[in-house]
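**Student:** Encoded as structure tokens, here's the structure I'll be asking about.
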Amino acid sequence: MLIEALFHETRVPYACPENLHSLRVRLRAGKGEIARCLVLHADRYELLDSCFQQTEAEWMASDQRFDYFEALLECTAKRLQYVFLLEGKKGERVYFGESGVSKERNRAGVFQYAYIHESALFVTPEWARDAVVYQIFPDRFANGDKENDPPRTEDWSKDARPGRDSFYGGDLEGVIHSLPYLRKLGVNALYFTPIFASPSNHKYDTADYLRIDPQFGNLDTFKRLIREAHRHGMRIILDAVFNHSGDRFFAFRDVLEKGADSQYRDWFFIEQFPVVQTPQPNYETFAVNVPVMPKLRTENREVKEYLFQVVRYWTEMGIDGWRLDVANEVDHAFWRDFRSFVKMLNPEALIIGEVWHNAVKWLEGDQFDSVMNYLFRDCVYRFFAEQTSDASEFDAELTTARISYPDQALQVAWNLLDSHDTERFLTSCGEKEERFRLAVLFQMTYVGTPLIYYGDEIGMTGETDPDCRRPMLWDKEEQNQALFSYYQRLIRIRRSCAPLRRGSFRTWLADPGSPVYAFVRSWQGENAGIVLNNSDSWQNVSLPLDTWAKRNWTDLLTGEKGQASGNRMELILSPYQGIVLV
Ligand code: ARE
Ligand code: CA
């Protein structure tokens with residue numbers, strides 16, 4: 001047994017309390033090394049080996065290098081000590097505990113999870129598990145009020161190609177008018193990129209956090225939007241841009257004017273006075289030298305109090321959550337207090353951070369509920385768009401992304417194919433719609449919340465920002481209606497099939513060199529099996545029955561029924577066909 005590969009630690013994601021009396025523990029081991037994994041556990045105060053309970057850990061997934069096992073340990077006392085008992089493929093048995101690996105139980109020591117505190121339980125909003133989120137870039141979604149159009153508003157047409165500074169006149173009234181459309185699609189939450197006053201089209205350079213941008217409407221329009229959206233069963237999530245403000249934000253204006261004498265000088269990271277914006281800003285900004293986005297010193301108590309007052313104002317107005325911009329560059333203490341504050345105002349509010357890399361540092365239950373899942377997008381991009389990974393690599397990459405986070409966060413992670421910051425996924429697929437459709441099917445059946453970027457559902461294309469922000473196509477002739485129906489159908493399937501929303505995940509088939517990927521989602525004895533043929537040829541697929549454990553199946557997409565013979569399920573899939581079996 002390769003003992004160097006063994007890993008466990010008593011923190012997320014390796015040890016996650018599920019409730020006050022159970023702890024989910026994971027073990028990492030070398031790939032293919034372990035035949036059996038047991039966890040021996042007891043109250044920390046028990047001294048006798050005979051008091052230890054045994055719980056079998058199950059294989060949960062593999063990635064490129066490792067196998068992962070998982071067990072749910074019951075502990076009445078809330079205090080735990082545990083040690084892994086591993087059996088290698090050659091029959092050798094070792095213990096693995098805090099002191100190391102040994103044939104003797106005592107030398108291996110024990111891991112200790114000293115106490116499960118109520119405050120350490122990771123609770124995410126229940127509704128988020130059933131959500132399908134639709135992302136709206138307000139200037140480009142729908143123009144419901146020509147009166148508020150900015151000067152130099154460009155033509156809203158299918159040939160529109162936005163530049164960095166284009167405006168198209170989209171607004172909140174337009175969104176209100178489009179609610180029936182969104183309801184028809186089947187989504188139940190809307191995520192808005194920023195809507196507060198700012199000079200740009202994207203509004204990430206906030207001038208006034210307490211005011212709806214006049215190009216989008218006013219406070220009344222926004223209140224009406226909340227009311228109407230809620231009436232249609234849709235939640236509203238706003239973008240919290242707290243890493244930086246805009247350069248027209250009152251505090252920054254003051255610093256520009258009064259320099260070192262400004263009472264707001266410590267709200268930012270000023271390197272030198274007087275403050276200059278050109279040729280290069282002499283203060284920290286978002287990314288590299290973006291003078292219109294001075295970085296906020298969120299560790300400064302006054303800044304924090306100011307922003308929290310903003311948070312209170314909008315949260316109390318009735319929104320359902322926040323998406324946090326550049327969340328990874330704002331200090332952890334800020335986010336911890338932010339979480340307590342937001343959940344105090346609205347325990348059902350959802351908090352989603354924007355982090356493009358492994359975000360586990362924010363997902364221990366005390367900061368975000370989850371993140372925009374760009375790790376998911378990376379995997380999906382390589383498999384369906386580029387087609388540079390086979391089923392086995394795809395599976396391994398998904399595992400790496402999945403095992404990085406605790407379950408609670410995974411279940412509500414925003415799984416996106418694309419966003420306002422990336423090229424459109426249909427474009428990534430070389431506009432090959434069948435590949436795009438298969439990726440959407442995967443998105444709708446995988447663990448986590450599907451996030452649909454406006455217009456994807458009707459076949460919009462576009463290169464990266466700003467081209468991915470073209471005005472929404474509303475002319476029926478220009479919309480891909482068949483694709484819209486396909487989205488509708490998939491959303492309906494997801495919403496009607498609990499395993500797809502709540503279920504655990506098991507790989508079913510992921511062979512090296514193969515384009516066929518299959519997995520099973522299980523929830524309370526119910527299964528959904530997803531089989532995807534990511535290739536332009538017909539594929540004969542033979543699936544083992546153990547993961548599935550049923551003989552009869554119905555494909556939710558076509559209604560076709562079938563039966564397994566012997567101990568395998570034999571299927572034939574047409575090019576780019578995907579099926580959802582129940
Ligand atoms: C402009 C240009 C971009 C350029 C950017 C940075 O258009 O081509 O990359 O400046 O100089 C908003 C606007 C953008 C605008 C930007 C600055 O929407 O159009 O872009 O302001 O004026 C990183 C951050 C991530 C950030 C992306 C854009 O980590 O937080 O960059 N995303 C949010 C929003 C954006 C928004 C801002 C932040 C600023 O979603 O819309 O931009 O408020 C890798 C890295 C990521 C990196 C990603 C993309 O994968 O891992 O960290 O994201 O690439 O660059
Ligand atoms: Ca308008």
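By convention in this document, the chains of the structure tokens carry letters A, B, ... by their order, each chain's residues are numbered from 1, and ligands are numbered from 1 in the order they are shown.
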Please return as a VMD selection string: the residues of segment 107-333 of chain A that backbone DSSP assigns to strand (DSSP E).
**Tutor:** chain A and resid 111 to 113 133 to 136 189 to 192 196 to 197 208 to 212 235 to 240 321 to 324
**Student:** Please tabulate, as JSON lines, the residues of segment 161-261 of chain A that come within 8 Å of segment 284-294 of chain A, each with its closest pair of atoms and the distance in Å to one decimal, counting only C-alpha atoms and ordering rows by chain, then residue number upward.
**Tutor:**
{"residue": "A:Asp205", "atom": "CA", "partner": "A:Met293", "partner_atom": "CA", "distance": 5.7}
{"residue": "A:Asn243", "atom": "CA", "partner": "A:Phe286", "partner_atom": "CA", "distance": 7.5}
{"residue": "A:His244", "atom": "CA", "partner": "A:Pro294", "partner_atom": "CA", "distance": 5.4}
{"residue": "A:Ser245", "atom": "CA", "partner": "A:Met293", "partner_atom": "CA", "distance": 5.6}
{"residue": "A:Gly246", "atom": "CA", "partner": "A:Met293", "partner_atom": "CA", "distance": 4.8}
{"residue": "A:Asp247", "atom": "CA", "partner": "A:Val292", "partner_atom": "CA", "distance": 4.7}
{"residue": "A:Arg248", "atom": "CA", "partner": "A:Val292", "partner_atom": "CA", "distance": 7.9}
{"residue": "A:Phe252", "atom": "CA", "partner": "A:Pro294", "partner_atom": "CA", "distance": 7.8}
**Student:** Taking only C-alpha atoms and all ligand atoms into account, which residues are within 10 Å of ligand 1, as a ChimeraX atom specification?
**Tutor:** /A:137,163-165,193-194,200-206,239-246,285-293,323-329,353-358,372,374-375,378,419-422,464-467,469
**Student:** Could you give me, as number ranges by chain, each residue of segment 268-327 of chain A that DSSP assigns to helix (DSSP H, G or I) when run on this structure's backbone?
**Tutor:** A: 301-316, 327
**Student:** Taking only C-alpha atoms and all ligand atoms into account, which residues are within 7 Å of ligand 2, as a ChimeraX atom specification?
**Tutor:** /A:143-149,169-171,215-216
**Student:** Can you list, as an NGL selection string, every protein, DNA or RNA residue that comes within 10 Å of segment 562-573 of chain A when you count only C-alpha atoms, leaving out same-chain residues fewer than 3 positions away?
**Tutor:** :A and (516 or 531-535 or 537-546 or 548-555 or 559 or 576-579 or 581)
**Student:** So, counting only C-alpha atoms, which residue among A:Leu27, A:Ile195, A:Leu398, A:Ile530 is closest to Met444 of chain A?
**Tutor:**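 Nearest candidate to Met444 of chain A out of A:Leu27, A:Ile195, A:Leu398, A:Ile530: A:Ile530.
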**Student:** Looking at A:Val412, A:Ala207, A:Met234, A:Cys75, which one is nearest to Pro180 of chain A, with distances taken over only C-alpha atoms?
**Tutor:**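 Looking at the shortest contact to Pro180 of chain A, the residue is A:Met234.
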**Student:** Taking only C-alpha atoms into account, which of A:Asp511, A:Glu457, A:Arg28, A:Ala120 comes nearest Leu363 of chain A?
**Tutor:** A:Ala120
**Student:** In terms of the shortest atom-to-atom distance over only C-alpha atoms, which of A:Gly217, A:Gly430, A:Gly109, A:Pro125 is closest to Asp320 of chain A?
**Tutor:**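 Going through A:Gly217, A:Gly430, A:Gly109, A:Pro125 one by one, the smallest distance to Asp320 of chain A is for A:Pro125.
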**Student:** Pick from A:Gln524, A:Ser496, A:Gln488, A:Thr400: nearest to Lys184 of chain A, with only C-alpha atoms counted?
**Tutor:**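 Ranking A:Gln524, A:Ser496, A:Gln488, A:Thr400 by distance to Lys184 of chain A, first place goes to A:Gln488.
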